[in-house]
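Colleague: Sharing a structure, written as structure tokens. Questions coming.
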There are 8 protein chains.
Amino acid sequence: MDDSEFIDIGFAKIDIGREARTGLPEVVFARGKKTWQVEEAVKTLSEKTGRALATGVRRRMGEKLTDLLPGGEFDALAGLFKLGAKAPAGEPRVAVLTGGTADLPVAEEAAQTLEFFGHPVERVYDVGVAGLNRILGSLDKFRDAEAVIAIAGMDGAMPAVAAGLIKAPIIAVPTSANYGAGANGIAPLLAMLNACAPGVAVVNIDNGFGAAAMALRILD
Amino acid sequence: MDDSEFIDIGFAKIDIGREARTGLPEVVFARGKKTWQVEEAVKTLSEKTGRALATGVRRRMGEKLTDLLPGGEFDALAGLFKLGAKAPAGEPRVAVLTGGTADLPVAEEAAQTLEFFGHPVERVYDVGVAGLNRILGSLDKFRDAEAVIAIAGMDGAMPAVAAGLIKAPIIAVPTSANYGAGANGIAPLLAMLNACAPGVAVVNIDNGFGAAAMALRILD
Amino acid sequence: MDDSEFIDIGFAKIDIGREARTGLPEVVFARGKKTWQVEEAVKTLSEKTGRALATGVRRRMGEKLTDLLPGGEFDALAGLFKLGAKAPAGEPRVAVLTGGTADLPVAEEAAQTLEFFGHPVERVYDVGVAGLNRILGSLDKFRDAEAVIAIAGMDGAMPAVAAGLIKAPIIAVPTSANYGAGANGIAPLLAMLNACAPGVAVVNIDNGFGAAAMALRILD
Amino acid sequence: MDDSEFIDIGFAKIDIGREARTGLPEVVFARGKKTWQVEEAVKTLSEKTGRALATGVRRRMGEKLTDLLPGGEFDALAGLFKLGAKAPAGEPRVAVLTGGTADLPVAEEAAQTLEFFGHPVERVYDVGVAGLNRILGSLDKFRDAEAVIAIAGMDGAMPAVAAGLIKAPIIAVPTSANYGAGANGIAPLLAMLNACAPGVAVVNIDNGFGAAAMALRILD
Amino acid sequence: MDDSEFIDIGFAKIDIGREARTGLPEVVFARGKKTWQVEEAVKTLSEKTGRALATGVRRRMGEKLTDLLPGGEFDALAGLFKLGAKAPAGEPRVAVLTGGTADLPVAEEAAQTLEFFGHPVERVYDVGVAGLNRILGSLDKFRDAEAVIAIAGMDGAMPAVAAGLIKAPIIAVPTSANYGAGANGIAPLLAMLNACAPGVAVVNIDNGFGAAAMALRILD
Amino acid sequence: MDDSEFIDIGFAKIDIGREARTGLPEVVFARGKKTWQVEEAVKTLSEKTGRALATGVRRRMGEKLTDLLPGGEFDALAGLFKLGAKAPAGEPRVAVLTGGTADLPVAEEAAQTLEFFGHPVERVYDVGVAGLNRILGSLDKFRDAEAVIAIAGMDGAMPAVAAGLIKAPIIAVPTSANYGAGANGIAPLLAMLNACAPGVAVVNIDNGFGAAAMALRILD
Amino acid sequence: MDDSEFIDIGFAKIDIGREARTGLPEVVFARGKKTWQVEEAVKTLSEKTGRALATGVRRRMGEKLTDLLPGGEFDALAGLFKLGAKAPAGEPRVAVLTGGTADLPVAEEAAQTLEFFGHPVERVYDVGVAGLNRILGSLDKFRDAEAVIAIAGMDGAMPAVAAGLIKAPIIAVPTSANYGAGANGIAPLLAMLNACAPGVAVVNIDNGFGAAAMALRILD
Amino acid sequence: MDDSEFIDIGFAKIDIGREARTGLPEVVFARGKKTWQVEEAVKTLSEKTGRALATGVRRRMGEKLTDLLPGGEFDALAGLFKLGAKAPAGEPRVAVLTGGTADLPVAEEAAQTLEFFGHPVERVYDVGVAGLNRILGSLDKFRDAEAVIAIAGMDGAMPAVAAGLIKAPIIAVPTSANYGAGANGIAPLLAMLNACAPGVAVVNIDNGFGAAAMALRILD
């Protein structure tokens with residue numbers, strides 16, 4: 001297959017060559033698309049590459065896609081629709097940490113994306129810095145990971161703390177789980193960009209999928 | 001003395017009643033004032049209340065004031081000019097923490113303001129979260145403080161960590177010691193306002209004096 | 001009880017040691033959580049510490065929790081669910097001031113949090129600076145408080161005025177009760193951070209609970 | 001004279017008809033202009049309309065203009081160069097209030113602009129809200145003004161307080177005399193736009209001339 | 001009546017002395033208040049001062065108030081509830097200009113507030129600068145006004161153009177009638193603060209009432 | 001027809017002379033207007049100029065207008081209501097490019113506006129830079145256009161890439177099809193303003209009509 | 001010459017194929033570069049393409065370049081260094097308008113860039129909207145231009161006014177010639193993006209060169 | 001050595017255990033520190049860990065340090081002072097790309113940090129998207145890297161383009177090499193966070209060292 005090949009389906013140009021070029025096949029971002037557009041894109045991708053993942057899928061669209069695309073699976077918490085997932089195998093090489101419970105949707109988007117592409121995940125949830133005992137008491141679970149996805153809203157302090165404790169690259173994800181000044185994730189985004197411990201890089205607010213994609217490139 | 005009394009010196013109205021009303025005498029903020037204006041305000045305050053403090057004093061003005069006002073003392077790091085300081089007495093009731101070395105000018109403004117009004121201070125510097133060992137290893141120094149002034153730039157994470165470890169009210173001060181997005185202290189300001197541990201209140205960026213004033217009200 | 005103890009309930013790690021470390025038990029922030037998650041967290045906390053408070057509870061969740069957790073009490077204005085509240089005792093040591101009527105939900109979140117932990121509160125509502133007569137005419141009610149929580153939207157001017165009148169530390173809370181430029185509380189937040197009277201520290205927009213937590217640390 | 005007349009002097013088109021149309025002749029804003037350009041514009045205006053005012057004049061340019069244009073007068077504090085000023089006459093109809101000493105340059109720009117066009121001014125300086133006694137004790141000086149120019153940096157609270165005390169329209173001017181979040185005058189600008197007392201309108205940060213122009217239109 | 005008098009109705013302190021002090025009685029801002037609170041405030045004001053105005057009233061609340069308060073009148077476009085309006089009398093002394101049709105709700109809030117207090121208004125709508133012919137062709141309607149309220153969204157250019165054409169003070173009101181960058185009125189707000197013609201002062205976005213209050217102070 | 005003529009229909013002044021002055025007749029922006037207002041404006045324009053276009057029309061209003069105005073046509077994707085459209089004729093001289101599928105509504109607003117005024121359009125959709133093969137593989141379709149409208153959300157990178165490949169002026173349109181920091185189109189807006197290839201000018205976020213208007217002026 | 005050819009000179013890759021691809025040769029942006037880097041880039045470009053233009057050249061660098069590169073010409077006002085300029089020929093097809101005198105450096109950058117590539121320019125300076133008489137009185141000079149570059153600081157209103165008067169595409173350039181809120185050109189940038197007259201597209205603040213590049217693409 | 005060990009040198013607490021915990025020894029950030037503080041920190045680190053690196057070193061401090069610390073080496077372009085650098089060995093595993101020449105200081109900070117810790121680097125400079133030929137023509141140099149540091153100012157588009165071409169994780173660094181809206185690196189920062197190609201994570205503006213630290217964690 002030519003790595004610059006794409007299929008024109010009218011409203012979109014499916015980039016069939018992306019996996020050969022970048023290691024990761026094209027993924028369908030469902031926000032702002034109609035159900036029939038997501039369906040058609042998923043079908044095209046699945047036929048050409050053996051599997052397809054859609055992100056940002058709201059409950060109603062997810063249920064419709066489950067009806068329309070046999071074999072597909074929808075996870076409402078993560079907002080993911082999956083067709084032809086690989087089976088995760090081996091020891092977890094990536095840990096996903098969250099600061100609090102409200103970060104779960106973003107964390108599951110990241111974790112299940114990794115699992116969809118065959119990588120098991122160690123989940124370490126609710127280890128924000130308000131009680132350091134929790135992250136220090138969980139250190140054994142993620143000390144030897146090859147990559148850590150650290151997800152936090154509020155003050156966004158946890159990724160810097162994690163970076164000071166272990167050797168893996170920290171992919172930080174700010175979340176919009178808050179109110180007041182810095183709501184919508186600006187406060188943790190800025191905090192993570194200014195993390196006082198080196199070894200932290202940041203993806204956009206609530207972008208669990210982007211963090212997983214970065215981790216997949218690191219693993220490969 | 002009438003607690004609504006003030007003295008009109010032309011360019012300013014010195015609020016002589018402020019100490020009776022609020023517990024803290026008027027303090028001269030030197031930024032944006034001429035040396036002769038600061039001199040006259042300091043002299044008026046000192047004559048009426050026995051002492052006077054000027055903040056935000058740059059080196060050149062500080063040296064001139066030292067010449068002009070015998071008995072006065074200038075600290076260049078803190079930017080403070082002091083006339084008639086009280087002698088600090090008793091055990092320290094307030095601890096001043098910093099995340100890093102660049103926060104020292106703000107920390108000294110806070111600490112020396114407290115000392116000027118007679119309160120000794122416990123300094124706990126460079127205990128940012130990149131190495132938790134430093135703040136955890138220094139816990140004995142500030143665990144029993146009645147108020148903690150926690151000063152940090154970068155990600156502003158340290159005050160939240162401190163709030164999760166001790167019982168005292170945390171007065172957080174963001175500093176502008178940084179570059180990039182969130183420079184000028186916006187990143188730590190937002191992080192501190194969103195501190196995930198309760199018991200943190202925030203003063204303006206680089207406002208060491210304001211933190212000391214809040215601490216003085218708490219002590220009294 | 002070990003002050004670093006926590007209980008892992010899957011989606012969360014309940015920090016049982018927090019009261020021993022910080023003086024205040026963990027509190028459940030309901031925004032972004034499912035009812036069953038709040039229920040389980042409240043139950044766990046209540047069993048371990050004798051009482052539990054949830055903040056940010058919307059009416060529907062509050063009514064469900066009242067059904068699910070006998071002995072619990074829901075206040076819709078404050079958005080609080082309370083289980084095992086202490087009885088407030090003694091003279092009020094904290095005053096809660098508001099600039100206007102639209103600030104009431106935030107004020108009640110603060111006041112009832114203090115009452116939940118046993119501290120009676122002096123309420124001084126609608127004393128914004130558009131009519132100084134109102135705050136000057138109410139001065140006797142809060143002049144001798146040990147801490148003042150000053151809540152305002154719009155121009156956020158009231159806390160600075162209060163700080164110029166009394167000796168207590170002022171915990172300022174900006175509210176989002178407005179429209180236009182500075183809506184969502186940015187205008188009063190900035191005004192409070194720049195308060196021209198010293199002795200003011202600020203918590204995040206609409207954060208009545210955070211103000212109460214700061215006051216509790218000051219009282220203790 | 002035709003009220004749409006203008007004179008083309010190459011780098012500028014002097015709007016000779018402006019006084020007939022709007023009541024106020026064109027004024028030269030010196031910032032960003034060369035000295036010879038300001039000189040030429042001032043000369044042209046003065047010849048055609050009998051007087052000319054330049055604002056935003058830095059010391060060096062001001063001294064050069066004084067040499068170049070006999071009869072002209074430069075005020076360094078206000079940054080004004082004046083040629084052919086009217087003599088102020090009658091009782092002051094406008095009061096200029098400031099919150100603090102650092103607001104003086106803006107206040108003098110406003111006050112001397114009014115005086116240049118023949119209107120005496122009542123100056124009421126340093127009446128910020130940190131000590132309400134000062135503004136309440138000065139009320140007699142501005143209670144009966146026909147327009148009040150209220151200038152403040154920091155929290156920008158004073159204009160709202162003034163609006164709650166008197167009947168005149170309040171022209172509020174935020175100043176950039178500050179540091180930290182909201183520096184450069186954003187904090188007082190937003191506070192003034194959100195003034196909780198009606199009867200306040202706002203001009204741009206540090207724009208003392210603009211406030212005077214608004215006052216002149218009100219007086220006429 | 002003492003001009004510092006106020007009536008404490010529990011959730012609010014009605015400032016009965018405001019009209020004596022400032023020329024304008026207290027007005028009820030309904031946003032963020034319950035219907036029964038607005039009703040009680042309106043009733044109290046009306047009994048004490050002979051009339052009452054509520055602003056920011058949504059349709060549903062307006063209809064309820066009409067039922068609850070006989071003699072009251074609700075205007076849905078302007079969001080005003082009026083009880084005991086004065087009859088406008090005499091020639092219009094104020095003109096209200098808009099840039100476009102979407103600015104009408106703000107314009108009517110301003111115009112009807114003026115009428116409620118007895119001042120007839122000249123309406124000059126849809127005279128934005130995209131077709132200068134419209135504002136130039138309407139000049140006779142507002143050239144001799146004593147105050148002009150100039151309302152615009154989009155680029156906010158009209159008030160500056162108006163200020164260059166006439167002698168009255170221009171009270172500029174930015175509106176949020178737009179989308180894209182600068183939406184919510186920030187673009188016209190900044191443009192109006194930077195108006196290149198002097199004699200413009202600005203109130204907050206969509207604040208038609210505030211503009212009317214400023215005009216009332218100018219007229220008196 | 002006088003090119004300064006306008007028709008006053010009460011809530012609006014229809015600018016009949018605009019086509020003569022600017023080449024493009026007035027167009028009705030429906031957002032913030034009532035259906036009857038749009039209807040009346042469209043009718044007036046159509047009677048006077050032979051055709052009328054309304055933009056920003058939501059589905060419900062569009063269907064009502066179709067009933068009310070025989071011969072009119074509503075396109076829900078583009079949000080356009082058209083009465084008296086010209087027939088596009090000749091070869092396409094403008095190409096409309098999009099980065100992704102979510103940009104379609106904006107693209108169709110632009111493309112159909114051009115078609116309404118008689119200009120056929122080359123559509124080149126989903127050629128974002130994540131797979132350069134797509135834009136490089138489509139180059140033949142837009143290399144010889146006289147103007148290119150390049151529409152993108154996310155990182156807004158495509159217009160700069162296009163500008164480096166061809167000779168036509170690039171009219172860049174940022175879209176709000178995103179989430180996280182820079183949502184609402186700020187990220188692509190800033191990227192397009194900073195395009196590293198010269199020959200790019202930008203219209204407001206989601207402003208497909210504005211891009212078409214610019215293209216029409218270029219073609220003429 | 002291959003249109004993808006480039007020359008690697010170590011610190012830069014000179015894009016020799018750009019003129020063939022885009023119609024405009026690569027231009028050297030001097031800001032942030034050393035003099036020897038600009039010299040080498042200019043020399044390489046000039047040898048390969050017959051001419052070279054550097055923008056953003058400060059006075060000192062400009063004078064050095066004039067020494068180093070015989071035949072070169074430096075314009076300090078425009079910040080341009082030119083080697084091998086074409087002679088402008090024919091009637092002016094582009095008009096450059098400014099709102100005020102402070103916009104001249106940006107205007108000259110635009111105008112002289114056009115002239116460097118052989119296009120004469122009609123300059124129409126100081127026609128801001130504070131006195132509409134000036135722009136209306138100059139209409140004959142730019143009514144028939146094929147493209148108009150409209151440059152303004154302050155409220156940025158002039159380009160919208162121009163767009164309502166003529167048929168040419170308006171390339172709007174906001175300038176940073178201001179102070180206060182919206183300084184650095186944000187106010188006119190937002191105003192121009194929200195221009196109420198269609199047919200305006202915007203380049204970055206102070207980007208006179210970018211406006212000229214857009215105009216060159218339109219002319220060709 | 002205990003991995004929580006630190007050395008208290010008064011103004012700082014040198015974190016000797018950091019290399020054991022995180023793989024990277026503590027590095028001295030010189031901005032905001034005095035020369036003697038940097039000297040002492042470098043000396044302490046070097047004695048304990050065998051080498052020391054200081055970042056953000058201005059020329060004057062760098063020259064002093066070279067005198068004070070024999071064996072040290074200062075690079076003015078990168079702002080790095082190095083003592084005890086490892087010799088880079090093996091094939092380059094990391095590529096450093098820049099969009100333009102102005103990004104060189106940031107690129108050299110990243111590249112030389114990697115070299116200091118023993119990793120050779122492939123430099124691919126000036127491959128911004130204005131001429132895609134340059135990045136496509138250089139693809140062989142970075143296609144097989146294990147990590148790519150992609151540095152760009154302006155529109156920040158290059159990292160997304162790189163991510164669409166290769167398999168390595170992209171560490172994106174926005175630079176402040178620009179002017180106008182989005183200056184100081186905000187435009188490329190937002191663009192990179194919104195990169196339309198997955199596999200990009202971002203460090204703070206101009207933070208070349210942070211990018212290198214992330215790369216080092218990925219390599220290990």
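By convention here, the chains of the structure tokens are called A, B, ... in the order presented, each chain's residues are numbered starting at 1, and ligands are numbered starting at 1 in the order presented.
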For Ala76 (chain C), work out the shell of residues within 9 Å, counting only C-alpha atoms and skipping chain neighbours fewer than 5 positions away, then give it as a ChimeraX atom specification.
Modeller: /C:57-59,62,81,105
Colleague: Could you work out which residues of chain C fall inside 12 Å of chain A? Count only C-alpha atoms, and format the result as a PyMOL selection string.
Modeller: chain C and resi 2-22+24-34+37-38+41+56+173-177+182-190+202-208+210
Colleague: Please extract the residues of region 116-163 of chain A with a backbone DSSP assignment of helix (DSSP H, G or I) and present them as a PyMOL selection string.
Modeller: chain A and resi 116+129-136+139-142+158-163
Colleague: Would you output that residue set with N, CA and C atoms, as an mmCIF file, in the first residue's frame?
Modeller:
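Heads up, here's the output in part.cif:
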```
data_model
loop_
_atom_site.group_PDB
_atom_site.id
_atom_site.type_symbol
_atom_site.label_atom_id
_atom_site.label_comp_id
_atom_site.auth_asym_id
_atom_site.auth_seq_id
_atom_site.Cartn_x
_atom_site.Cartn_y
_atom_site.Cartn_z
ATOM 1 N N PHE A 116 -7.137 -0.647 23.084
ATOM 2 C CA PHE A 116 -7.642 -0.921 21.734
ATOM 3 C C PHE A 116 -6.497 -1.305 20.800
ATOM 4 N N VAL A 129 -2.564 15.772 44.997
ATOM 5 C CA VAL A 129 -1.573 16.133 46.006
ATOM 6 C C VAL A 129 -2.164 16.624 47.321
ATOM 7 N N ALA A 130 -3.510 16.742 47.420
ATOM 8 C CA ALA A 130 -4.095 17.159 48.693
ATOM 9 C C ALA A 130 -3.745 16.158 49.794
ATOM 10 N N GLY A 131 -3.565 14.903 49.427
ATOM 11 C CA GLY A 131 -3.080 13.897 50.375
ATOM 12 C C GLY A 131 -1.941 13.132 49.723
ATOM 13 N N LEU A 132 -0.710 13.576 49.973
ATOM 14 C CA LEU A 132 0.447 12.961 49.305
ATOM 15 C C LEU A 132 0.544 11.480 49.628
ATOM 16 N N ASN A 133 0.016 11.078 50.788
ATOM 17 C CA ASN A 133 0.036 9.665 51.173
ATOM 18 C C ASN A 133 -0.504 8.773 50.068
ATOM 19 N N ARG A 134 -1.467 9.282 49.297
ATOM 20 C CA ARG A 134 -2.073 8.437 48.275
ATOM 21 C C ARG A 134 -1.118 8.163 47.115
ATOM 22 N N ILE A 135 -0.416 9.183 46.614
ATOM 23 C CA ILE A 135 0.500 8.936 45.500
ATOM 24 C C ILE A 135 1.761 8.222 45.996
ATOM 25 N N LEU A 136 2.228 8.594 47.178
ATOM 26 C CA LEU A 136 3.414 7.913 47.711
ATOM 27 C C LEU A 136 3.080 6.454 48.011
ATOM 28 N N LEU A 139 3.178 4.263 44.735
ATOM 29 C CA LEU A 139 4.358 4.426 43.877
ATOM 30 C C LEU A 139 4.781 3.124 43.197
ATOM 31 N N ASP A 140 4.639 2.011 43.919
ATOM 32 C CA ASP A 140 5.055 0.726 43.342
ATOM 33 C C ASP A 140 4.310 0.395 42.056
ATOM 34 N N LYS A 141 3.114 0.932 41.927
ATOM 35 C CA LYS A 141 2.297 0.595 40.762
ATOM 36 C C LYS A 141 2.779 1.258 39.477
ATOM 37 N N PHE A 142 3.487 2.381 39.566
ATOM 38 C CA PHE A 142 3.855 3.075 38.320
ATOM 39 C C PHE A 142 5.335 3.441 38.246
ATOM 40 N N MET A 158 -0.234 17.408 40.193
ATOM 41 C CA MET A 158 0.198 16.016 40.335
ATOM 42 C C MET A 158 1.262 15.580 39.339
ATOM 43 N N PRO A 159 1.174 15.941 38.052
ATOM 44 C CA PRO A 159 2.210 15.499 37.117
ATOM 45 C C PRO A 159 3.618 15.938 37.526
ATOM 46 N N ALA A 160 3.764 17.157 38.052
ATOM 47 C CA ALA A 160 5.090 17.602 38.486
ATOM 48 C C ALA A 160 5.578 16.757 39.649
ATOM 49 N N VAL A 161 4.673 16.441 40.579
ATOM 50 C CA VAL A 161 5.055 15.587 41.706
ATOM 51 C C VAL A 161 5.482 14.212 41.193
ATOM 52 N N ALA A 162 4.704 13.657 40.253
ATOM 53 C CA ALA A 162 5.062 12.353 39.687
ATOM 54 C C ALA A 162 6.424 12.414 39.003
ATOM 55 N N ALA A 163 6.668 13.503 38.258
ATOM 56 C CA ALA A 163 7.944 13.619 37.546
ATOM 57 C C ALA A 163 9.125 13.668 38.497
#
```
Colleague: According to DSSP computed on the backbone, where in region 7-215 of chain B is there strand (DSSP E)? Give the residues as a VMD selection string.
Modeller: chain B and resid 7 to 8 13 to 14 28 to 29 52 to 55 73 to 75 80 to 83 94 to 98 121 to 124 147 to 152 170 to 174 200 to 202
Colleague: Let's have the selection written as a tab-separated table (two decimals), in the first residue's frame, with N, CA and C atoms.
Modeller:
```tsv
chain	number	residue	atom	x	y	z
B	7	ILE	N	-4.05	63.16	58.04
B	7	ILE	CA	-3.27	64.39	57.87
B	7	ILE	C	-3.08	64.65	56.40
B	8	ASP	N	-3.49	65.82	55.94
B	8	ASP	CA	-3.38	66.15	54.53
B	8	ASP	C	-2.02	66.79	54.27
B	13	LYS	N	-3.03	61.96	51.77
B	13	LYS	CA	-3.73	62.12	53.04
B	13	LYS	C	-3.32	60.95	53.92
B	14	ILE	N	-2.41	61.21	54.88
B	14	ILE	CA	-1.90	60.15	55.74
B	14	ILE	C	-2.98	59.73	56.73
B	28	VAL	N	3.82	52.81	53.46
B	28	VAL	CA	4.04	53.59	52.24
B	28	VAL	C	4.47	52.66	51.09
B	29	PHE	N	3.70	52.63	50.04
B	29	PHE	CA	4.07	51.86	48.85
B	29	PHE	C	4.85	52.79	47.92
B	52	ALA	N	7.67	53.63	60.85
B	52	ALA	CA	7.14	53.69	59.48
B	52	ALA	C	7.88	52.69	58.60
B	53	LEU	N	7.13	52.08	57.71
B	53	LEU	CA	7.67	51.09	56.79
B	53	LEU	C	7.31	51.51	55.36
B	54	ALA	N	8.32	51.47	54.47
B	54	ALA	CA	8.03	51.69	53.05
B	54	ALA	C	8.37	50.42	52.29
B	55	THR	N	7.50	50.03	51.36
B	55	THR	CA	7.72	48.82	50.56
B	55	THR	C	7.95	49.19	49.11
B	73	GLU	N	16.67	52.09	58.01
B	73	GLU	CA	17.45	50.95	57.52
B	73	GLU	C	16.83	50.43	56.23
B	74	PHE	N	17.69	50.18	55.24
B	74	PHE	CA	17.19	49.75	53.94
B	74	PHE	C	17.67	48.32	53.64
B	75	ASP	N	16.76	47.47	53.21
B	75	ASP	CA	17.14	46.12	52.79
B	75	ASP	C	16.87	45.98	51.29
B	80	LEU	N	12.68	47.00	51.22
B	80	LEU	CA	12.01	47.63	52.37
B	80	LEU	C	12.89	48.72	52.97
B	81	PHE	N	12.25	49.85	53.32
B	81	PHE	CA	12.91	50.87	54.13
B	81	PHE	C	12.17	50.91	55.46
B	82	LYS	N	12.94	50.79	56.55
B	82	LYS	CA	12.34	50.65	57.88
B	82	LYS	C	12.82	51.73	58.82
B	83	LEU	N	11.91	52.33	59.53
B	83	LEU	CA	12.25	53.35	60.52
B	83	LEU	C	11.51	52.99	61.81
B	94	VAL	N	5.02	32.24	62.73
B	94	VAL	CA	4.75	32.20	61.29
B	94	VAL	C	5.95	31.57	60.58
B	95	ALA	N	5.67	30.68	59.59
B	95	ALA	CA	6.73	30.14	58.74
B	95	ALA	C	6.57	30.69	57.35
B	96	VAL	N	7.70	31.00	56.71
B	96	VAL	CA	7.68	31.46	55.32
B	96	VAL	C	8.38	30.41	54.47
B	97	LEU	N	7.64	29.79	53.56
B	97	LEU	CA	8.17	28.76	52.68
B	97	LEU	C	8.34	29.30	51.27
B	98	THR	N	9.40	28.87	50.56
B	98	THR	CA	9.48	29.19	49.14
B	98	THR	C	9.68	27.91	48.34
B	121	VAL	N	10.33	34.95	62.57
B	121	VAL	CA	9.84	34.15	61.45
B	121	VAL	C	10.72	32.92	61.26
B	122	GLU	N	10.10	31.80	60.95
B	122	GLU	CA	10.85	30.60	60.57
B	122	GLU	C	10.93	30.56	59.05
B	123	ARG	N	12.17	30.63	58.49
B	123	ARG	CA	12.35	30.58	57.03
B	123	ARG	C	12.60	29.15	56.59
B	124	VAL	N	11.82	28.67	55.61
B	124	VAL	CA	11.98	27.32	55.06
B	124	VAL	C	12.03	27.48	53.55
B	147	ALA	N	0.44	30.40	61.25
B	147	ALA	CA	0.12	30.79	59.87
B	147	ALA	C	1.34	30.47	59.01
B	148	VAL	N	1.08	30.05	57.78
B	148	VAL	CA	2.17	29.75	56.86
B	148	VAL	C	2.02	30.62	55.62
B	149	ILE	N	3.10	31.29	55.25
B	149	ILE	CA	3.14	32.02	53.98
B	149	ILE	C	3.91	31.15	53.00
B	150	ALA	N	3.22	30.69	51.95
B	150	ALA	CA	3.81	29.75	51.01
B	150	ALA	C	3.96	30.43	49.66
B	151	ILE	N	5.22	30.60	49.24
B	151	ILE	CA	5.54	31.43	48.08
B	151	ILE	C	6.11	30.57	46.97
B	152	ALA	N	5.53	30.66	45.76
B	152	ALA	CA	6.04	29.83	44.67
B	152	ALA	C	5.74	30.46	43.32
B	170	ILE	N	-2.97	28.64	55.14
B	170	ILE	CA	-1.90	28.85	54.17
B	170	ILE	C	-2.19	30.13	53.40
B	171	ILE	N	-1.31	31.11	53.51
B	171	ILE	CA	-1.42	32.32	52.70
B	171	ILE	C	-0.47	32.14	51.53
B	172	ALA	N	-1.04	31.95	50.33
B	172	ALA	CA	-0.23	31.62	49.16
B	172	ALA	C	0.13	32.87	48.40
B	173	VAL	N	1.39	32.96	47.94
B	173	VAL	CA	1.86	34.09	47.14
B	173	VAL	C	2.47	33.59	45.84
B	174	PRO	N	1.81	33.84	44.72
B	174	PRO	CA	2.42	33.49	43.43
B	174	PRO	C	3.53	34.48	43.10
B	200	VAL	N	-6.36	27.27	51.74
B	200	VAL	CA	-5.41	28.14	51.05
B	200	VAL	C	-6.13	29.41	50.61
B	201	ALA	N	-5.60	30.58	50.93
B	201	ALA	CA	-6.11	31.82	50.36
B	201	ALA	C	-4.92	32.56	49.75
B	202	VAL	N	-5.19	33.41	48.77
B	202	VAL	CA	-4.14	33.89	47.88
B	202	VAL	C	-4.07	35.41	47.91
```
Colleague: At what distance in Å, to one decimal, does CA of Met192 (chain D) lie from CA of Asn194 (chain G)?
Modeller: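 The value is 25.1 Å.
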Colleague: Can you measure CA of Arg60 (chain A) to CA of Trp36 (chain A) for me? One decimal in Å is fine.
Modeller: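 These two atoms are separated by 12.8 Å.
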Colleague: Tell me which protein, DNA and RNA residues are within 7 Å of Arg51 (chain H), counting only C-alpha atoms, leaving out same-chain ones fewer than 6 positions away, and put them as a ChimeraX atom specification.
Modeller: /H:45,83-85
